[in-house]
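Source file: protein-v6.cif (mmCIF, C-alpha atoms)
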data_start
#
loop_
_atom_site.label_atom_id
_atom_site.label_comp_id
_atom_site.auth_asym_id
_atom_site.auth_seq_id
_atom_site.Cartn_x
_atom_site.Cartn_y
_atom_site.Cartn_z
CA ALA Q 1 69.48 126.15 79.51
CA ALA Q 2 65.70 125.69 79.62
CA LEU Q 3 65.27 128.03 76.65
CA PHE Q 4 68.04 126.26 74.70
CA GLY Q 5 66.29 122.98 75.37
CA LYS Q 6 63.18 124.22 73.57
CA THR Q 7 65.14 125.10 70.43
CA ASP Q 8 66.87 122.93 67.82
CA ILE Q 9 70.29 123.61 69.36
CA PRO Q 10 70.51 120.23 71.16
CA LYS Q 11 69.76 118.41 67.89
CA CYS Q 12 72.25 120.57 65.96
CA VAL Q 13 75.19 120.00 68.30
CA ILE Q 14 74.53 116.26 68.40
CA GLU Q 15 74.36 116.17 64.61
CA ASN Q 16 77.68 118.06 64.41
CA ILE Q 17 79.32 115.29 66.42
CA ARG Q 18 77.48 112.49 64.65
CA SER Q 19 78.45 113.67 61.17
CA THR Q 20 82.14 114.39 61.76
CA THR Q 21 84.70 112.17 60.07
CA ALA Q 22 87.64 113.32 62.23
CA PRO Q 23 88.48 111.21 65.30
CA PRO Q 24 88.15 113.06 68.64
CA SER Q 25 91.93 112.95 69.14
CA ARG Q 26 92.28 115.20 66.07
CA TRP Q 27 89.75 117.81 67.17
CA THR Q 28 91.41 121.17 67.72
CA SER Q 29 90.46 123.56 70.47
CA ASN Q 30 87.26 125.44 69.63
CA SER Q 31 86.69 123.41 66.47
CA LEU Q 32 83.06 122.74 65.60
CA GLU Q 33 83.20 119.26 67.14
CA ASP Q 34 85.02 120.41 70.27
CA PHE Q 35 82.61 123.29 70.77
CA SER Q 36 79.59 121.06 70.16
CA LEU Q 37 80.69 118.53 72.79
CA PHE Q 38 81.26 121.32 75.29
CA VAL Q 39 77.73 122.60 74.61
CA VAL Q 40 76.39 119.09 75.17
CA LEU Q 41 78.27 118.90 78.48
CA ASN Q 42 76.75 122.15 79.69
CA LEU Q 43 73.20 121.53 78.48
CA ALA Q 44 73.17 117.99 79.91
CA GLN Q 45 73.35 119.37 83.46
CA TRP Q 46 69.91 120.98 83.36
CA PRO Q 47 66.52 119.18 83.23
CA VAL Q 48 64.80 120.66 80.14
CA SER Q 49 67.86 120.72 77.88
CA LYS Q 50 68.91 117.31 79.23
CA GLU Q 51 65.66 115.74 78.03
CA ALA Q 52 66.08 117.37 74.62
CA LEU Q 53 69.55 115.84 74.31
CA ILE Q 54 68.28 112.41 75.31
CA GLU Q 55 65.54 112.64 72.68
CA ALA Q 56 68.19 113.57 70.11
CA GLY Q 57 70.09 110.34 70.88
CA ALA Q 58 73.01 112.06 72.58
CA VAL Q 59 74.18 109.08 74.64
CA ASP Q 60 74.61 106.77 71.63
CA VAL Q 61 76.51 109.49 69.75
CA ILE Q 62 78.97 110.53 72.46
CA LYS Q 63 79.37 107.16 74.20
CA PRO Q 64 82.22 106.02 71.89
CA ILE Q 65 84.18 109.19 72.71
CA MET Q 66 84.55 108.13 76.35
CA SER Q 67 87.25 105.62 75.44
CA GLU Q 68 89.52 108.43 74.13
CA GLY Q 69 90.85 109.06 77.62
CA ASP Q 70 91.86 112.69 76.98
CA LEU Q 71 89.95 115.94 77.39
CA GLN Q 72 87.29 114.86 74.91
CA GLY Q 73 86.93 111.57 76.74
CA LEU Q 74 86.49 113.40 80.05
CA LYS Q 75 83.81 115.69 78.61
CA ALA Q 76 81.99 112.73 77.04
CA THR Q 77 82.18 110.78 80.31
CA MET Q 78 80.66 113.59 82.34
CA ALA Q 79 77.99 114.25 79.71
CA CYS Q 80 76.99 110.57 79.68
CA ALA Q 81 76.76 110.62 83.47
CA PHE Q 82 74.49 113.68 83.32
CA LEU Q 83 72.35 111.97 80.68
CA ASP Q 84 71.69 108.95 82.94
CA ALA Q 85 73.76 106.48 80.93
CA GLU Q 86 73.71 103.02 82.49
CA TRP Q 87 76.78 101.83 84.41
CA SER Q 88 77.56 99.26 81.70
CA ALA Q 89 77.94 102.07 79.14
CA PHE Q 90 81.15 103.32 80.76
CA PRO Q 91 84.28 101.59 79.37
CA ASP Q 92 86.49 99.21 81.38
CA GLY Q 93 84.12 98.85 84.28
CA ALA Q 94 84.03 102.64 84.68
CA GLN Q 95 87.55 102.65 86.15
CA PRO Q 96 88.71 105.50 83.84
CA ALA Q 97 85.50 107.43 84.52
CA SER Q 98 85.95 107.11 88.27
CA LYS Q 99 89.59 108.16 88.16
CA SER Q 100 89.15 111.13 85.81
CA THR Q 101 86.15 112.67 87.61
CA ALA Q 102 87.75 112.29 91.05
CA GLU Q 103 90.96 113.79 89.68
CA LEU Q 104 89.03 116.73 88.22
CA MET Q 105 87.34 117.42 91.57
CA THR Q 106 90.74 117.34 93.30
CA ASN Q 107 92.34 119.66 90.76
CA ILE Q 108 89.52 122.20 91.02
CA VAL Q 109 89.70 122.25 94.82
CA GLU Q 110 93.48 122.62 94.66
CA LYS Q 111 93.09 125.34 92.02
CA LYS Q 112 95.12 123.69 89.30
CA GLY Q 113 94.60 122.25 85.83
CA LYS Q 114 95.98 119.19 84.07
CA ASP Q 115 98.88 119.53 81.65
CA GLY Q 116 97.86 119.06 78.05
CA GLN Q 117 94.14 118.82 78.83
CA TYR Q 118 92.55 121.68 80.75
CA ALA Q 119 93.50 124.80 82.68
CA TYR Q 120 92.13 125.74 86.08
CA GLY Q 121 88.78 127.48 85.70
CA VAL Q 122 87.63 125.60 82.58
CA PHE Q 123 85.40 123.35 84.71
CA LYS Q 124 83.41 124.38 87.77
CA LEU Q 125 83.32 122.33 90.97
CA TYR Q 126 79.56 121.84 90.75
CA THR Q 127 80.04 120.27 87.30
CA ALA Q 128 82.71 117.84 88.51
CA THR Q 129 80.84 116.90 91.70
CA LYS Q 130 77.60 116.40 89.77
CA ALA Q 131 79.41 114.06 87.37
CA PHE Q 132 80.81 112.07 90.32
CA CYS Q 133 77.37 112.02 91.96
CA ASP Q 134 75.61 110.84 88.80
CA LEU Q 135 78.26 108.15 88.28
CA SER Q 136 77.66 107.05 91.88
CA LYS Q 137 73.94 106.89 91.17
CA ALA Q 138 74.55 104.74 88.08
CA ALA Q 139 76.88 102.47 90.06
CA ALA Q 140 74.32 102.01 92.83
CA ALA Q 141 71.59 101.26 90.29
CA GLY Q 142 73.85 98.73 88.59
CA ASP Q 143 74.57 96.84 91.80
CA SER Q 144 72.11 94.09 92.57
CA GLY Q 145 70.45 94.05 95.99
CA ASP Q 146 72.86 95.09 98.71
CA GLY Q 147 75.97 94.44 96.61
CA GLU Q 148 78.82 96.89 96.22
CA SER Q 149 80.79 95.63 93.21
CA ASN Q 150 80.12 98.80 91.19
CA THR Q 151 80.09 101.36 94.00
CA LYS Q 152 83.46 99.95 95.13
CA THR Q 153 84.98 101.33 91.91
CA LEU Q 154 84.11 104.89 92.91
CA ALA Q 155 84.40 104.60 96.68
CA VAL Q 156 88.18 104.83 96.91
CA PRO Q 157 89.17 106.57 100.18
CA SER Q 158 90.71 109.62 98.49
CA ALA Q 159 87.50 110.34 96.55
CA VAL Q 160 85.26 109.71 99.56
CA ALA Q 161 87.46 111.93 101.73
CA LEU Q 162 87.21 114.67 99.11
CA CYS Q 163 83.41 114.50 99.32
CA PHE Q 164 83.63 114.84 103.11
CA GLN Q 165 86.02 117.76 102.62
CA VAL Q 166 83.68 119.67 100.30
CA ILE Q 167 80.73 119.21 102.67
CA SER Q 168 82.64 120.15 105.83
CA ASP Q 169 84.27 123.18 104.18
CA LEU Q 170 80.82 124.50 103.34
CA VAL Q 171 79.74 123.91 106.93
CA LEU Q 172 82.73 125.83 108.27
CA ALA Q 173 82.04 128.68 105.87
CA ALA Q 174 78.40 128.79 107.01
CA VAL Q 175 79.00 128.58 110.76
CA ASP Q 176 79.90 132.03 112.06
CA ASP Q 177 81.73 130.90 115.18
CA ALA Q 178 83.87 128.25 113.45
CA GLU Q 179 87.59 128.88 113.32
CA GLY Q 180 89.81 128.09 110.37
CA GLY Q 181 88.50 127.52 106.90
CA SER Q 182 89.44 126.39 103.44
CA LYS Q 183 91.36 128.05 100.65
CA TYR Q 184 88.54 126.90 98.38
CA VAL Q 185 85.04 127.60 99.68
CA PRO Q 186 82.67 125.24 97.84
CA ASP Q 187 79.25 126.25 96.55
CA VAL Q 188 75.98 124.89 97.89
CA MET Q 189 75.35 122.68 94.85
CA SER Q 190 78.77 121.03 95.09
CA ALA Q 191 78.17 120.10 98.73
CA GLN Q 192 74.74 118.72 97.81
CA HIS Q 193 76.22 116.58 95.04
CA CYS Q 194 78.85 115.24 97.43
CA ALA Q 195 76.26 114.41 100.08
CA CYS Q 196 74.20 112.49 97.51
CA ALA Q 197 77.32 110.71 96.23
CA VAL Q 198 78.18 109.58 99.76
CA GLU Q 199 74.69 108.16 100.21
CA TYR Q 200 74.87 106.25 96.91
CA LEU Q 201 78.31 104.83 97.78
CA LEU Q 202 77.47 103.72 101.33
CA PRO Q 203 77.39 99.97 100.48
CA ALA Q 204 81.09 100.18 99.58
CA ILE Q 205 82.06 102.80 102.17
CA LEU Q 206 80.56 100.75 104.99
CA GLN Q 207 81.79 97.35 103.83
CA ALA Q 208 82.96 95.48 106.93
CA SER Q 209 86.43 94.07 107.35
CA ASP Q 210 87.01 90.40 106.59
CA PRO Q 211 87.02 88.79 109.06
CA PRO Q 212 84.80 91.17 111.08
CA ARG Q 213 86.48 92.87 114.03
CA LYS Q 214 85.96 95.71 116.46
CA SER Q 215 87.63 99.05 115.73
CA VAL Q 216 87.93 102.17 117.85
CA GLN Q 217 88.98 104.08 114.71
CA SER Q 218 85.80 103.12 112.87
CA GLU Q 219 83.68 104.08 115.86
CA LYS Q 220 85.37 107.49 116.04
CA ALA Q 221 85.01 108.00 112.28
CA ALA Q 222 81.33 107.04 112.35
CA SER Q 223 80.59 109.40 115.23
CA GLU Q 224 82.43 112.39 113.78
CA LEU Q 225 81.23 111.98 110.18
CA SER Q 226 77.61 111.43 111.16
CA GLN Q 227 77.79 114.60 113.27
CA MET Q 228 79.28 116.54 110.36
CA LEU Q 229 76.61 115.31 107.93
CA ASN Q 230 73.82 116.17 110.35
CA THR Q 231 75.31 119.64 110.84
CA TYR Q 232 75.33 120.12 107.06
CA ALA Q 233 71.73 118.90 106.80
CA ASP Q 234 70.64 121.46 109.40
CA LEU Q 235 72.14 124.45 107.57
CA SER Q 236 69.47 126.91 106.48
CA GLY Q 237 70.66 126.91 102.86
CA THR Q 238 70.65 123.13 102.38
CA ALA Q 239 68.08 121.98 99.81
CA GLU Q 240 65.72 119.15 100.66
CA VAL Q 241 67.51 116.63 98.45
CA GLY Q 242 70.84 117.37 100.14
CA LYS Q 243 69.23 117.35 103.58
CA THR Q 244 67.62 113.95 102.98
CA ALA Q 245 70.81 112.41 101.57
CA ALA Q 246 72.93 113.71 104.45
CA LYS Q 247 70.47 112.58 107.13
CA ASN Q 248 70.18 109.10 105.60
CA ALA Q 249 73.94 108.77 105.27
CA ALA Q 250 74.52 110.02 108.81
CA GLU Q 251 72.04 107.52 110.23
CA LYS Q 252 73.57 104.56 108.40
CA ILE Q 253 77.15 105.60 109.19
CA LYS Q 254 76.35 105.99 112.88
CA ALA Q 255 74.60 102.61 112.96
CA SER Q 256 77.71 100.95 111.48
CA ALA Q 257 79.95 101.90 114.39
CA GLY Q 258 80.14 98.45 115.99
CA THR Q 259 82.37 96.86 113.33
CA ALA Q 260 85.58 97.86 111.55
CA ARG Q 261 84.91 99.63 108.22
CA PRO Q 262 88.30 100.02 106.43
CA VAL Q 263 87.16 102.43 103.68
CA LEU Q 264 85.38 104.62 106.22
CA GLU Q 265 88.44 104.61 108.50
CA ILE Q 266 90.91 105.56 105.78
CA SER Q 267 88.58 108.19 104.29
CA HIS Q 268 88.11 109.74 107.74
CA ASP Q 269 91.87 109.74 108.31
CA LEU Q 270 92.53 111.51 104.99
CA TRP Q 271 89.81 114.04 105.79
CA THR Q 272 91.36 114.65 109.23
CA GLN Q 273 94.83 115.11 107.71
CA TYR Q 274 93.43 117.72 105.33
CA ARG Q 275 91.80 119.61 108.21
CA LYS Q 276 95.08 119.58 110.14
CA ARG Q 277 96.94 121.03 107.16
CA GLU Q 278 94.33 123.77 106.80
CA GLY Q 279 94.44 124.61 110.51
CA GLN Q 280 90.77 123.77 110.96
CA PRO Q 281 89.35 122.94 114.42
CA LEU Q 282 89.49 119.17 114.89
CA ASP Q 283 86.81 119.20 117.59
CA GLN Q 284 84.21 120.89 115.39
CA PHE Q 285 82.24 117.69 114.74
CA ILE Q 286 82.95 115.65 117.87
CA SER Q 287 79.68 114.54 119.36
CA GLN Q 288 79.08 115.39 123.02
CA GLU Q 289 76.17 112.99 123.39
CA ARG Q 290 77.90 110.56 125.74
CA GLY Q 291 81.20 109.59 127.29
CA VAL Q 292 83.30 106.62 126.24
CA GLU Q 293 82.94 103.58 128.48
CA VAL Q 294 86.08 101.63 129.32
CA ASP Q 295 86.88 98.64 131.52
CA GLU Q 296 89.85 97.10 133.29
CA SER Q 297 91.12 95.48 130.08
CA GLY Q 298 91.35 98.80 128.24
CA PRO Q 299 94.16 101.34 127.83
CA LEU Q 300 93.03 103.26 130.95
CA ASP Q 301 93.40 100.38 133.41
CA PHE Q 302 95.84 102.48 135.45
CA LEU Q 303 92.98 104.67 136.67
CA PRO Q 304 91.76 103.95 140.23
CA CYS Q 305 88.16 103.52 139.10
CA CYS Q 306 89.21 100.90 136.55
CA ALA Q 307 91.27 98.76 138.90
CA PRO Q 308 89.65 95.37 139.71
CA SER Q 309 90.62 95.71 143.37
CA LYS Q 310 88.34 98.70 143.77
CA GLY Q 311 85.24 96.57 143.26
CA ASP Q 312 83.93 98.73 140.40
CA ALA Q 313 85.50 97.55 137.13
CA SER Q 314 84.33 100.36 134.87
CA CYS Q 315 84.06 104.11 134.65
CA VAL Q 316 82.97 106.71 132.12
CA ILE Q 317 85.31 109.38 130.81
CA SER Q 318 83.31 112.45 129.82
#

What is this structure when it is put down as C-alpha cells?
Amino acid sequence: AALFGKTDIPKCVIENIRSTTAPPSRWTSNSLEDFSLFVVLNLAQWPVSKEALIEAGAVDVIKPIMSEGDLQGLKATMACAFLDAEWSAFPDGAQPASKSTAELMTNIVEKKGKDGQYAYGVFKLYTATKAFCDLSKAAAAGDSGDGESNTKTLAVPSAVALCFQVISDLVLAAVDDAEGGSKYVPDVMSAQHCACAVEYLLPAILQASDPPRKSVQSEKAASELSQMLNTYADLSGTAEVGKTAAKNAAEKIKASAGTARPVLEISHDLWTQYRKREGQPLDQFISQERGVEVDESGPLDFLPCCAPSKGDASCVIS
C-alpha cells in the first residue's frame, strides 16, 4: 500500500470514479468504477496511500456514493471513515453508516454474507472493525464537550456487545489455560480497533439512567468488563494504542459502577448470552479483588450474620 501511495494509482482510481456518467446503482461487478472504488477502500486503510487519496480529493468524490445504501454505498461509507471524513459528511446523521458497518462486523463473525450485496470473505474483520472505529472517532470528535449525541448513534448495545465479544475472544485464544473459545478467532488488529471504538463511545455507553438510580447489574457489568479490558491490555501481543485505549476504557467503566448505566448493562447481558451459547467460562473475567458487602436490608438477610438481633448488621461474602 505504501508503494501504491507513491504512484499515480490513487489519482487514477479517483479520476475513474469522478469521470463516470453511470450512477453507482448501475455499476456492474468488476466494472472499472466498481473496481476503482474497491481499490480506494483498500488503499484508504494504510497511512501513505491514505494521504495520497486525500490529496487527490477522494472524500469529495466518493461522499455522494454513501447515500446509495447498497454495496457501493457501504464501500464508500467505509472509505470515507478511513479518510477521516467529518461526522457531518455521513448522510442522515450517520444512521445508515452505523447500521451497515455494525451489520458487516456481525456477518463476518457469523461467517455469512448479505444477499444481493456481498458474500462471506469479501471483507475482512479488520476492515469492518476499523471502519466502525473510525466512525466512532468521527462521532466523538463531532460531539461537543462531554456530550454523546453523535456517539449514541453508534453505541447501540448489539454493536457494543460485538466489540466486547471480539476483544474477549482474542483474550480466550491467547490465554492457554482458558476453556471454551469462539468459532471465529479474531485477529489482533480487529481487537485493537474494537478497544479503540469502545473508548471513543464511552460517553454514550456510560450514560446514566434518568432519573439516576443504583444498579447491581451495572456494578457487575462494570467489574467484569473492566477486568476483561485490562486482561486484553496485558496480553504480550497488544500494541500500545490498543493497550492505552483498553486501560483508559477499563478505568472509566470501573469508576462508573455506582450508578445504573442502561447501555452498559444491556451490552454486558448480550455479551454474556453469547459466551453462554459458545460454552465459554463465565467466571473468566470476574474480579477477585474484594467480596460483596451486604446488609440486613439486602437479599441475604436470612443469614445469621445479617440479622439485626445479632448485633452486627453486615457481613462480607467472599

Item to check | Hits of the PyMOL selection byres ((chain Q and resi 114-131) around 9) in this structure, as a PyMOL selection string | outcome: chain Q and resi 42+45+70-72+77-82+101-102+104-105+107-109+111-113+132-136+163+186-194+197

Emit the selected residues as an mmCIF file, keeping the file's coordinate frame, including C-alpha atoms.
data_model
loop_
_atom_site.group_PDB
_atom_site.id
_atom_site.type_symbol
_atom_site.label_atom_id
_atom_site.label_comp_id
_atom_site.auth_asym_id
_atom_site.auth_seq_id
_atom_site.Cartn_x
_atom_site.Cartn_y
_atom_site.Cartn_z
ATOM 1 C CA ASN Q 42 76.750 122.150 79.690
ATOM 2 C CA GLN Q 45 73.350 119.370 83.460
ATOM 3 C CA ASP Q 70 91.860 112.690 76.980
ATOM 4 C CA LEU Q 71 89.950 115.940 77.390
ATOM 5 C CA GLN Q 72 87.290 114.860 74.910
ATOM 6 C CA THR Q 77 82.180 110.780 80.310
ATOM 7 C CA MET Q 78 80.660 113.590 82.340
ATOM 8 C CA ALA Q 79 77.990 114.250 79.710
ATOM 9 C CA CYS Q 80 76.990 110.570 79.680
ATOM 10 C CA ALA Q 81 76.760 110.620 83.470
ATOM 11 C CA PHE Q 82 74.490 113.680 83.320
ATOM 12 C CA THR Q 101 86.150 112.670 87.610
ATOM 13 C CA ALA Q 102 87.750 112.290 91.050
ATOM 14 C CA LEU Q 104 89.030 116.730 88.220
ATOM 15 C CA MET Q 105 87.340 117.420 91.570
ATOM 16 C CA ASN Q 107 92.340 119.660 90.760
ATOM 17 C CA ILE Q 108 89.520 122.200 91.020
ATOM 18 C CA VAL Q 109 89.700 122.250 94.820
ATOM 19 C CA LYS Q 111 93.090 125.340 92.020
ATOM 20 C CA LYS Q 112 95.120 123.690 89.300
ATOM 21 C CA GLY Q 113 94.600 122.250 85.830
ATOM 22 C CA PHE Q 132 80.810 112.070 90.320
ATOM 23 C CA CYS Q 133 77.370 112.020 91.960
ATOM 24 C CA ASP Q 134 75.610 110.840 88.800
ATOM 25 C CA LEU Q 135 78.260 108.150 88.280
ATOM 26 C CA SER Q 136 77.660 107.050 91.880
ATOM 27 C CA CYS Q 163 83.410 114.500 99.320
ATOM 28 C CA PRO Q 186 82.670 125.240 97.840
ATOM 29 C CA ASP Q 187 79.250 126.250 96.550
ATOM 30 C CA VAL Q 188 75.980 124.890 97.890
ATOM 31 C CA MET Q 189 75.350 122.680 94.850
ATOM 32 C CA SER Q 190 78.770 121.030 95.090
ATOM 33 C CA ALA Q 191 78.170 120.100 98.730
ATOM 34 C CA GLN Q 192 74.740 118.720 97.810
ATOM 35 C CA HIS Q 193 76.220 116.580 95.040
ATOM 36 C CA CYS Q 194 78.850 115.240 97.430
ATOM 37 C CA ALA Q 197 77.320 110.710 96.230
#

Which region 233-298 of chain Q residues have any atom within 6 Å of an atom of region 203-208 of chain Q, and for each, what is the nearest pair of atoms with distance in Å to one decimal, counting all atoms listed in the file, rows sorted by chain and number, as a Markdown table?
| residue | atom | partner | partner_atom | distance |
| --- | --- | --- | --- | --- |
| Q:Ala260 | CA | Q:Ala208 | CA | 5.8 |
| Q:Arg261 | CA | Q:Ala208 | CA | 4.8 |
| Q:Val263 | CA | Q:Ile205 | CA | 5.3 |
| Q:Leu264 | CA | Q:Ile205 | CA | 5.5 |

Next on the checklist: Starting from the PyMOL selection byres ((chain Q and resi 99) around 10), expand the selection into actual residues of this file and give them as a list in words.
Outcome noted: Ala94, Gln95, Pro96, Ala97, Ser98, Ser100, Thr101, Ala102, Glu103, Leu104, Phe132, Thr153, Leu154, Val156 and Ala159 of chain Q

Could the residues in this selection be saved with C-alpha atoms as a CSV table (one decimal), in the frame of the given file?
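Output (part.csv):
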chain,number,residue,atom,x,y,z
Q,94,ALA,CA,84.0,102.6,84.7
Q,95,GLN,CA,87.6,102.6,86.2
Q,96,PRO,CA,88.7,105.5,83.8
Q,97,ALA,CA,85.5,107.4,84.5
Q,98,SER,CA,86.0,107.1,88.3
Q,100,SER,CA,89.2,111.1,85.8
Q,101,THR,CA,86.2,112.7,87.6
Q,102,ALA,CA,87.8,112.3,91.0
Q,103,GLU,CA,91.0,113.8,89.7
Q,104,LEU,CA,89.0,116.7,88.2
Q,132,PHE,CA,80.8,112.1,90.3
Q,153,THR,CA,85.0,101.3,91.9
Q,154,LEU,CA,84.1,104.9,92.9
Q,156,VAL,CA,88.2,104.8,96.9
Q,159,ALA,CA,87.5,110.3,96.6

Checklist entry - Interatomic distance between CA of Asp269 (chain Q) and CA of Phe285 (chain Q)? => result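 Between CA of Asp269 (chain Q) and CA of Phe285 (chain Q) the gap works out to 14.0 Å.
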
Next on the checklist: Since I can't run it myself right now, could you work out what the PyMOL selection byres ((chain Q and resi 226) around 10) selects here and report it as a list in words?
Outcome noted: Lys220, Ala221, Ala222, Ser223, Glu224, Leu225, Gln227, Met228, Leu229, Asn230, Thr231, Tyr232, Ala246, Lys247, Asn248, Ala249, Ala250, Glu251, Lys252, Ile253, Lys254, Ala255, Phe285, Ile286 and Ser287 of chain Q

Output requested as a JSON list (two decimals), in the frame of the given file - region 227-235 of chain Q, filled out with all heavy atoms.
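In the end it all went to part.json:
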[["chain", "number", "residue", "atom", "x", "y", "z"],
["Q", 227, "GLN", "N", 78.03, 113.27, 112.70],
["Q", 227, "GLN", "CA", 77.79, 114.60, 113.27],
["Q", 227, "GLN", "C", 77.97, 115.68, 112.22],
["Q", 227, "GLN", "O", 77.17, 116.63, 112.12],
["Q", 227, "GLN", "CB", 78.74, 114.83, 114.44],
["Q", 227, "GLN", "CG", 78.58, 116.18, 115.13],
["Q", 227, "GLN", "CD", 77.29, 116.29, 115.91],
["Q", 227, "GLN", "OE1", 76.72, 115.28, 116.33],
["Q", 227, "GLN", "NE2", 76.80, 117.51, 116.10],
["Q", 228, "MET", "N", 79.02, 115.55, 111.40],
["Q", 228, "MET", "CA", 79.28, 116.54, 110.36],
["Q", 228, "MET", "C", 78.15, 116.56, 109.33],
["Q", 228, "MET", "O", 77.68, 117.63, 108.91],
["Q", 228, "MET", "CB", 80.61, 116.23, 109.68],
["Q", 228, "MET", "CG", 81.04, 117.24, 108.62],
["Q", 228, "MET", "SD", 80.44, 116.87, 106.96],
["Q", 228, "MET", "CE", 81.44, 115.45, 106.54],
["Q", 229, "LEU", "N", 77.69, 115.39, 108.92],
["Q", 229, "LEU", "CA", 76.61, 115.31, 107.93],
["Q", 229, "LEU", "C", 75.30, 115.87, 108.48],
["Q", 229, "LEU", "O", 74.56, 116.54, 107.76],
["Q", 229, "LEU", "CB", 76.43, 113.86, 107.48],
["Q", 229, "LEU", "CG", 77.55, 113.30, 106.60],
["Q", 229, "LEU", "CD1", 77.43, 111.78, 106.46],
["Q", 229, "LEU", "CD2", 77.54, 113.95, 105.21],
["Q", 230, "ASN", "N", 75.03, 115.61, 109.74],
["Q", 230, "ASN", "CA", 73.82, 116.17, 110.35],
["Q", 230, "ASN", "C", 73.91, 117.69, 110.48],
["Q", 230, "ASN", "O", 72.92, 118.40, 110.30],
["Q", 230, "ASN", "CB", 73.59, 115.55, 111.73],
["Q", 230, "ASN", "CG", 72.94, 114.19, 111.66],
["Q", 230, "ASN", "OD1", 72.07, 113.95, 110.82],
["Q", 230, "ASN", "ND2", 73.33, 113.28, 112.54],
["Q", 231, "THR", "N", 75.11, 118.19, 110.77],
["Q", 231, "THR", "CA", 75.31, 119.64, 110.84],
["Q", 231, "THR", "C", 75.06, 120.28, 109.48],
["Q", 231, "THR", "O", 74.41, 121.32, 109.37],
["Q", 231, "THR", "CB", 76.74, 119.97, 111.31],
["Q", 231, "THR", "OG1", 76.98, 119.36, 112.57],
["Q", 231, "THR", "CG2", 76.93, 121.49, 111.44],
["Q", 232, "TYR", "N", 75.58, 119.63, 108.42],
["Q", 232, "TYR", "CA", 75.33, 120.12, 107.06],
["Q", 232, "TYR", "C", 73.84, 120.11, 106.74],
["Q", 232, "TYR", "O", 73.30, 121.07, 106.18],
["Q", 232, "TYR", "CB", 76.09, 119.27, 106.05],
["Q", 232, "TYR", "CG", 75.55, 119.37, 104.63],
["Q", 232, "TYR", "CD1", 75.75, 120.52, 103.87],
["Q", 232, "TYR", "CD2", 74.80, 118.33, 104.08],
["Q", 232, "TYR", "CE1", 75.23, 120.63, 102.59],
["Q", 232, "TYR", "CE2", 74.29, 118.43, 102.80],
["Q", 232, "TYR", "CZ", 74.50, 119.58, 102.07],
["Q", 232, "TYR", "OH", 73.97, 119.69, 100.79],
["Q", 233, "ALA", "N", 73.16, 119.03, 107.10],
["Q", 233, "ALA", "CA", 71.73, 118.90, 106.80],
["Q", 233, "ALA", "C", 70.91, 119.99, 107.48],
["Q", 233, "ALA", "O", 69.87, 120.41, 106.97],
["Q", 233, "ALA", "CB", 71.23, 117.53, 107.23],
["Q", 234, "ASP", "N", 71.39, 120.46, 108.63],
["Q", 234, "ASP", "CA", 70.64, 121.46, 109.40],
["Q", 234, "ASP", "C", 70.93, 122.89, 108.99],
["Q", 234, "ASP", "O", 70.32, 123.83, 109.52],
["Q", 234, "ASP", "CB", 70.94, 121.29, 110.90],
["Q", 234, "ASP", "CG", 70.37, 119.99, 111.46],
["Q", 234, "ASP", "OD1", 69.42, 119.47, 110.86],
["Q", 234, "ASP", "OD2", 70.89, 119.52, 112.49],
["Q", 235, "LEU", "N", 71.86, 123.10, 108.05],
["Q", 235, "LEU", "CA", 72.14, 124.45, 107.57],
["Q", 235, "LEU", "C", 70.91, 125.02, 106.88],
["Q", 235, "LEU", "O", 70.21, 124.31, 106.16],
["Q", 235, "LEU", "CB", 73.33, 124.45, 106.61],
["Q", 235, "LEU", "CG", 74.71, 124.09, 107.17],
["Q", 235, "LEU", "CD1", 75.74, 124.11, 106.05],
["Q", 235, "LEU", "CD2", 75.11, 125.04, 108.28]]
